[in-house]
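Structure below is run-v7.cif: mmCIF, C-alpha atoms.
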```
data_data
#
loop_
_atom_site.label_atom_id
_atom_site.label_comp_id
_atom_site.auth_asym_id
_atom_site.auth_seq_id
_atom_site.Cartn_x
_atom_site.Cartn_y
_atom_site.Cartn_z
CA MET F 1 4.72 6.38 -24.15
CA ARG F 2 2.11 3.64 -23.96
CA ILE F 3 0.84 4.53 -20.47
CA ALA F 4 0.29 8.15 -21.46
CA ASP F 5 -1.75 6.97 -24.46
CA LEU F 6 -3.93 4.82 -22.20
CA ALA F 7 -4.73 7.86 -20.06
CA GLY F 8 -5.20 10.22 -22.97
CA LEU F 9 -2.12 12.26 -22.03
CA VAL F 10 0.57 13.90 -24.13
CA PRO F 11 3.87 13.37 -22.26
CA SER F 12 6.12 16.40 -22.02
CA ASP F 13 9.79 16.35 -22.94
CA ALA F 14 10.55 16.43 -19.19
CA VAL F 15 8.49 13.27 -18.66
CA LYS F 16 10.27 11.49 -21.51
CA ARG F 17 13.66 12.53 -20.16
CA CYS F 18 12.73 11.35 -16.67
CA TYR F 19 11.55 8.00 -18.00
CA ARG F 20 14.85 7.45 -19.80
CA CYS F 21 16.76 8.16 -16.56
CA LEU F 22 14.95 5.55 -14.46
CA ASP F 23 16.28 2.08 -13.63
CA ALA F 24 16.14 0.09 -16.86
CA ASN F 25 15.97 -3.18 -14.89
CA THR F 26 12.48 -2.32 -13.62
CA PRO F 27 9.23 -2.88 -15.55
CA ASP F 28 8.82 -0.41 -18.41
CA ASP F 29 5.19 0.35 -17.53
CA TYR F 30 6.15 1.32 -13.99
CA ARG F 31 8.94 3.62 -15.22
CA GLN F 32 6.46 5.40 -17.46
CA LEU F 33 3.93 5.61 -14.63
CA ALA F 34 6.47 7.02 -12.15
CA ALA F 35 7.58 9.72 -14.58
CA LEU F 36 3.99 10.74 -15.33
CA LEU F 37 2.95 10.82 -11.67
CA VAL F 38 5.94 12.79 -10.40
CA ASP F 39 5.68 15.31 -13.22
CA ASP F 40 2.02 15.91 -12.37
CA TRP F 41 2.62 16.12 -8.62
CA CYS F 42 5.54 18.52 -8.98
CA ARG F 43 3.66 20.80 -11.35
CA ARG F 44 0.69 21.00 -8.98
CA GLY F 45 2.70 21.25 -5.76
CA VAL F 46 1.34 18.06 -4.18
CA ALA F 47 2.86 17.48 -0.71
CA THR F 48 1.47 14.04 0.22
CA ALA F 49 0.32 11.08 -1.86
CA GLY F 50 -0.71 7.49 -1.28
CA ILE F 51 -0.41 4.31 -3.35
CA GLY F 52 -2.75 1.44 -2.52
CA GLY F 53 -3.34 -1.95 -4.11
CA GLY F 54 -3.34 -5.68 -3.49
CA GLN F 55 -0.29 -7.64 -2.46
CA GLY F 56 2.20 -8.09 -5.27
CA ALA F 57 0.77 -5.20 -7.31
CA GLY F 58 4.18 -3.52 -7.49
CA LYS F 59 3.72 -0.72 -4.98
CA SER F 60 7.27 -0.96 -3.64
CA THR F 61 8.76 -1.01 -7.13
CA LEU F 62 6.71 2.03 -8.10
CA GLY F 63 7.75 3.75 -4.88
CA ARG F 64 11.45 3.29 -5.64
CA LEU F 65 10.96 4.66 -9.14
CA ILE F 66 9.05 7.64 -7.79
CA THR F 67 12.01 8.47 -5.55
CA GLU F 68 14.32 8.31 -8.58
CA ALA F 69 11.93 10.42 -10.64
CA GLY F 70 11.89 13.06 -7.93
CA THR F 71 15.65 13.39 -8.25
CA VAL F 72 15.31 13.91 -12.01
CA PHE F 73 12.70 16.61 -11.48
CA GLY F 74 14.74 18.25 -8.71
CA THR F 75 12.32 17.38 -5.90
CA ARG F 76 13.28 15.24 -2.93
CA ILE F 77 10.64 12.56 -2.41
CA GLU F 78 10.49 10.30 0.63
CA VAL F 79 8.50 7.10 0.14
CA LEU F 80 7.27 5.29 3.24
CA SER F 81 5.88 1.77 3.39
CA ILE F 82 2.94 1.20 5.70
CA ASP F 83 4.52 -2.22 6.38
CA ASP F 84 7.30 -0.54 8.36
CA PHE F 85 4.67 0.79 10.75
CA TYR F 86 3.29 -2.56 11.84
CA LEU F 87 2.85 -2.90 15.57
CA THR F 88 5.62 -4.94 17.16
CA ARG F 89 5.03 -8.63 17.78
CA GLU F 90 4.62 -7.92 21.51
CA GLU F 91 2.00 -5.23 20.84
CA ARG F 92 0.05 -7.53 18.54
CA LEU F 93 0.21 -10.38 21.05
CA ARG F 94 -1.36 -8.07 23.63
CA LEU F 95 -4.17 -7.31 21.18
CA ALA F 96 -4.55 -11.05 20.59
CA GLU F 97 -4.94 -11.65 24.31
CA THR F 98 -7.33 -8.78 25.01
CA ILE F 99 -9.41 -8.53 21.80
CA HIS F 100 -9.03 -11.41 19.35
CA PRO F 101 -6.34 -14.04 18.59
CA LEU F 102 -6.22 -13.13 14.87
CA LEU F 103 -4.77 -9.72 15.77
CA ALA F 104 -1.45 -11.43 16.46
CA ILE F 105 -1.03 -11.68 12.69
CA ARG F 106 0.25 -8.55 10.97
CA GLY F 107 -1.45 -7.13 7.92
CA PRO F 108 -5.06 -6.05 8.36
CA PRO F 109 -6.06 -2.56 9.50
CA GLY F 110 -5.67 -2.38 13.26
CA THR F 111 -2.17 -3.87 13.22
CA HIS F 112 -0.35 -0.65 12.28
CA ALA F 113 0.94 2.21 14.44
CA VAL F 114 -1.12 4.74 12.50
CA GLU F 115 -0.54 7.74 14.75
CA ARG F 116 3.24 7.19 14.56
CA LEU F 117 2.89 6.98 10.79
CA ARG F 118 0.92 10.22 10.55
CA ASP F 119 3.41 11.99 12.80
CA THR F 120 6.32 10.67 10.73
CA MET F 121 4.79 11.86 7.48
CA ALA F 122 4.21 15.32 8.92
CA ALA F 123 7.73 15.48 10.38
CA LEU F 124 9.36 14.55 7.08
CA ARG F 125 7.88 17.67 5.55
CA GLN F 126 9.61 19.86 8.16
CA PRO F 127 13.30 20.60 8.91
CA GLY F 128 15.04 18.28 11.37
CA VAL F 129 15.94 14.63 11.72
CA VAL F 130 13.15 12.04 11.75
CA ASP F 131 13.32 8.50 13.17
CA VAL F 132 11.58 6.20 10.69
CA PRO F 133 10.94 2.62 11.88
CA HIS F 134 11.92 -0.50 9.96
CA PHE F 135 9.92 -3.72 10.25
CA ASP F 136 11.66 -7.05 9.65
CA LYS F 137 9.15 -9.50 8.19
CA GLY F 138 11.55 -12.37 8.76
CA THR F 139 11.51 -11.87 12.54
CA ASP F 140 7.99 -10.40 12.42
CA THR F 141 8.79 -7.35 14.51
CA ARG F 142 10.35 -3.90 14.40
CA SER F 143 14.10 -4.08 13.90
CA GLY F 144 15.14 -0.48 14.53
CA PHE F 145 14.96 3.00 13.09
CA ALA F 146 16.54 4.94 10.25
CA ARG F 147 17.40 8.59 10.86
CA ILE F 148 16.22 10.62 7.86
CA ASP F 149 16.51 14.35 7.28
CA GLY F 150 13.22 16.19 7.07
CA GLY F 151 12.39 18.89 4.58
CA ALA F 152 11.16 16.55 1.83
CA GLY F 153 9.25 18.19 -1.00
CA LEU F 154 6.82 15.28 -1.22
CA VAL F 155 6.02 12.35 1.06
CA VAL F 156 4.46 9.23 -0.50
CA LEU F 157 2.91 6.37 1.46
CA GLU F 158 2.57 2.96 -0.16
CA GLY F 159 0.72 -0.04 1.24
CA TRP F 160 -1.92 -2.58 0.40
CA CYS F 161 -4.70 -0.93 2.44
CA VAL F 162 -3.78 2.71 1.76
CA GLY F 163 -7.04 4.44 0.90
CA ALA F 164 -9.31 1.67 2.25
CA ARG F 165 -12.59 2.76 3.83
CA ALA F 166 -14.80 1.19 6.49
CA ALA F 167 -17.77 -0.92 5.38
CA LYS F 168 -21.11 0.73 4.67
CA PHE F 169 -22.96 -2.57 4.95
CA PRO F 170 -23.21 -5.43 7.51
CA ILE F 171 -20.14 -7.60 8.01
CA ASP F 172 -21.92 -10.48 9.74
CA GLU F 173 -21.61 -13.07 6.96
CA PRO F 174 -18.16 -14.69 6.70
CA ILE F 175 -16.59 -14.65 3.24
CA ASN F 176 -13.95 -17.36 3.66
CA ALA F 177 -12.88 -20.27 5.85
CA LEU F 178 -10.76 -18.08 8.12
CA GLU F 179 -13.72 -15.92 9.09
CA ARG F 180 -16.05 -18.91 9.47
CA GLU F 181 -13.65 -20.91 11.62
CA HIS F 182 -11.97 -18.19 13.70
CA ASP F 183 -14.25 -15.14 13.79
CA ALA F 184 -17.76 -16.50 14.21
CA HIS F 185 -18.72 -13.62 16.53
CA THR F 186 -17.19 -10.94 14.24
CA ARG F 187 -14.93 -9.47 16.96
CA TRP F 188 -11.92 -9.44 14.64
CA ARG F 189 -13.85 -8.00 11.71
CA SER F 190 -15.45 -5.37 13.92
CA TYR F 191 -12.06 -4.28 15.27
CA ILE F 192 -10.77 -3.87 11.71
CA GLU F 193 -13.81 -1.83 10.68
CA ASN F 194 -13.53 0.41 13.73
CA ALA F 195 -9.87 1.01 12.88
CA LEU F 196 -10.76 1.89 9.29
CA GLY F 197 -13.40 4.31 10.46
CA GLY F 198 -11.05 5.93 12.98
CA PRO F 199 -7.26 6.33 12.65
CA TYR F 200 -7.06 5.05 9.08
CA ALA F 201 -9.74 7.51 7.97
CA LYS F 202 -7.61 10.32 9.41
CA LEU F 203 -4.59 8.94 7.57
CA ASN F 204 -6.56 8.95 4.31
CA ASP F 205 -7.50 12.58 4.96
CA ASP F 206 -3.78 13.43 5.19
CA LEU F 207 -3.23 12.31 1.58
CA GLU F 208 -3.73 14.92 -1.11
CA GLU F 209 -3.52 12.38 -3.93
CA LEU F 210 -4.40 8.69 -4.09
CA VAL F 211 -3.20 6.15 -6.65
CA PHE F 212 -4.85 2.72 -6.81
CA LEU F 213 -3.09 -0.20 -8.49
CA LYS F 214 -6.07 -2.41 -9.37
CA VAL F 215 -5.12 -6.09 -9.44
CA PRO F 216 -7.12 -8.51 -11.64
CA GLY F 217 -8.46 -10.38 -8.59
CA LEU F 218 -7.57 -12.49 -5.57
CA ASP F 219 -6.08 -15.29 -7.68
CA ALA F 220 -3.48 -12.84 -8.98
CA VAL F 221 -2.78 -11.64 -5.44
CA ARG F 222 -2.12 -15.21 -4.32
CA ARG F 223 0.10 -15.94 -7.31
CA TRP F 224 2.10 -12.72 -7.02
CA ARG F 225 2.47 -13.10 -3.27
CA LEU F 226 3.86 -16.59 -3.79
CA GLN F 227 6.37 -15.14 -6.28
CA GLN F 228 7.42 -12.63 -3.62
CA GLU F 229 8.01 -15.47 -1.17
CA GLY F 230 10.52 -16.94 -3.61
CA GLU F 231 12.67 -13.83 -3.14
CA ARG F 232 12.93 -14.30 0.64
CA PRO F 233 15.50 -16.48 2.48
CA PRO F 234 14.51 -20.17 2.23
CA GLY F 235 13.85 -20.51 5.95
CA GLN F 236 11.42 -17.58 5.93
CA ARG F 237 9.31 -18.47 2.89
CA LEU F 238 5.63 -19.37 3.08
CA SER F 239 4.35 -22.40 1.19
CA ALA F 240 1.50 -22.11 -1.33
CA ALA F 241 -0.98 -23.33 1.30
CA GLU F 242 0.37 -20.85 3.84
CA VAL F 243 0.11 -18.02 1.30
CA ASN F 244 -3.52 -18.94 0.58
CA ARG F 245 -4.31 -18.85 4.29
CA PHE F 246 -2.39 -15.63 4.81
CA VAL F 247 -4.26 -13.88 1.97
CA GLU F 248 -7.57 -14.78 3.62
CA HIS F 249 -6.71 -12.23 6.32
CA TYR F 250 -6.72 -9.54 3.60
CA GLU F 251 -9.53 -10.85 1.42
CA ARG F 252 -12.48 -8.83 2.73
CA ILE F 253 -10.75 -5.46 2.48
CA THR F 254 -9.08 -6.32 -0.84
CA ARG F 255 -12.43 -7.21 -2.42
CA ARG F 256 -13.96 -4.00 -1.05
CA MET F 257 -11.12 -1.91 -2.45
CA LEU F 258 -11.50 -3.51 -5.88
CA ALA F 259 -15.19 -2.57 -5.83
CA THR F 260 -14.98 0.94 -4.36
CA MET F 261 -11.55 2.47 -4.96
CA PRO F 262 -12.02 3.17 -8.69
CA ALA F 263 -14.61 5.79 -7.69
CA ILE F 264 -12.39 7.23 -4.93
CA ALA F 265 -8.81 7.30 -6.22
CA ASP F 266 -7.36 10.18 -8.23
CA VAL F 267 -5.47 7.72 -10.44
CA VAL F 268 -6.65 4.16 -11.14
CA VAL F 269 -4.17 1.81 -12.82
CA ASP F 270 -5.61 -1.50 -14.04
CA LEU F 271 -3.16 -4.41 -14.07
CA ASP F 272 -3.61 -7.53 -16.18
CA ASP F 273 -2.62 -11.10 -15.30
CA ALA F 274 0.83 -10.52 -16.81
CA HIS F 275 1.40 -7.60 -14.43
CA ARG F 276 1.19 -5.04 -17.24
CA VAL F 277 -0.85 -1.85 -17.13
CA SER F 278 -4.00 -2.44 -19.18
CA ALA F 279 -5.80 0.85 -18.46
CA MET F 280 -5.28 4.11 -16.59
CA ARG F 281 -7.94 6.58 -15.53
CA LEU F 282 -7.37 10.03 -14.07
CA ARG F 283 -9.55 12.36 -12.08
CA ALA F 284 -9.08 15.90 -13.33
CA LYS F 285 -7.30 18.19 -10.83
CA PRO F 286 -6.82 21.93 -11.13
CA ALA F 287 -3.31 23.39 -11.08
CA ARG F 288 -2.39 25.09 -7.82
CA PRO F 289 -1.66 28.84 -7.86
#
```

Take the structure in the file and write it out as structure tokens.
Amino acid sequence: MRIADLAGLVPSDAVKRCYRCLDANTPDDYRQLAALLVDDWCRRGVATAGIGGGQGAGKSTLGRLITEAGTVFGTRIEVLSIDDFYLTREERLRLAETIHPLLAIRGPPGTHAVERLRDTMAALRQPGVVDVPHFDKGTDTRSGFARIDGGAGLVVLEGWCVGARAAKFPIDEPINALEREHDAHTRWRSYIENALGGPYAKLNDDLEELVFLKVPGLDAVRRWRLQQEGERPPGQRLSAAEVNRFVEHYERITRRMLATMPAIADVVVDLDDAHRVSAMRLRAKPARP
């Protein structure tokens, strides 16, 4: 297995069997990665994990494969997307009116129902039925709830800003046109940083393991996001110019994650421009008794 070689691992027979059972229509690298991750998490008894990385990095695809791999290993894994925990359009419009107009746009930290997310993750580990929200990006608001049985062996959270930390340096200087034109007084940026230092920091603390899918850079994020738009209904797609503007909302935190997450994450997966895994680095973890 190529991914195991990159990380200096010797895949077990169980990992190889799991890999062969996963959806053959998905990228081979991601099947290998899912099998390796789930094998490691199951052996060490990990209960919660997070997957972070820029837009288009393949977090959702990896999440689906992780769920499949859990079945192969005999462990029920529930994968949540942070996107399903966006505040409703009405809630974001209230933030736009009271704090800053840019908060009407979903995406950056501060636009998620983090406490609901933390409660949902905890509930999924316990017996009982859990209401998990679904967010419809086409209508830009919550579209209902799915009722899911609790008692999962492992809960995984995937999302672009999963694992992101607040800034340790001044945020006064704008880094793109959006910040220069619409956040001259840094109210929007400050709200995001306060959110990262508060509820999102608590969310990070809930995660026992953190995987970072490291994109090559912002150009790749823009290109991959535009490819994602092509999979949406024609009337809901963003143009290339709209994608570029949309990505500016994420740029500051994405750049920070690219610079800092390799030293924070337990697993760092480098992606090349062709969306293949080019390197994989692991932080050694002891086996649990």

I need the residue set behind the PyMOL selection byres ((chain F and resi 172-177) around 9) for this file; please write it as a ChimeraX atom specification.
/F:170-171,178-186,189,245,248,251-252

So what does the PyMOL selection byres ((chain F and resi 107) around 12) actually pick up in this one, as a ChimeraX atom specification?
/F:54-55,82-89,92,102-106,108-113,137,140,159-162,192,246-251,253-254

Per residue of segment 184-260 of chain F within 10 Å of segment 28-42 of chain F, record the nearest atom pair and its distance in Å to one decimal, counting only C-alpha atoms, with rows in chain order and ascending residue number, as a Markdown table.
```
| residue | atom | partner | partner_atom | distance |
| --- | --- | --- | --- | --- |
| F:Glu208 | CA | F:Trp41 | CA | 9.9 |
| F:Glu209 | CA | F:Trp41 | CA | 8.6 |
| F:Val211 | CA | F:Leu37 | CA | 9.2 |
```

Assuming the chain letters and numbering stay as they are in my file, what does the PyMOL selection byres ((chain F and resi 145) around 9) actually select? List them as a count of residues only.
10

Go ahead and compute the interatomic distance for atom CA of Leu271 of chain F and atom CA of Lys168 of chain F, in Å to one decimal.
26.5 Å

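Residue nearest Gly45 of chain F, chosen from F:Val129, F:Thr120, F:Glu78, F:Val155 and counting only C-alpha atoms: F:Val155.
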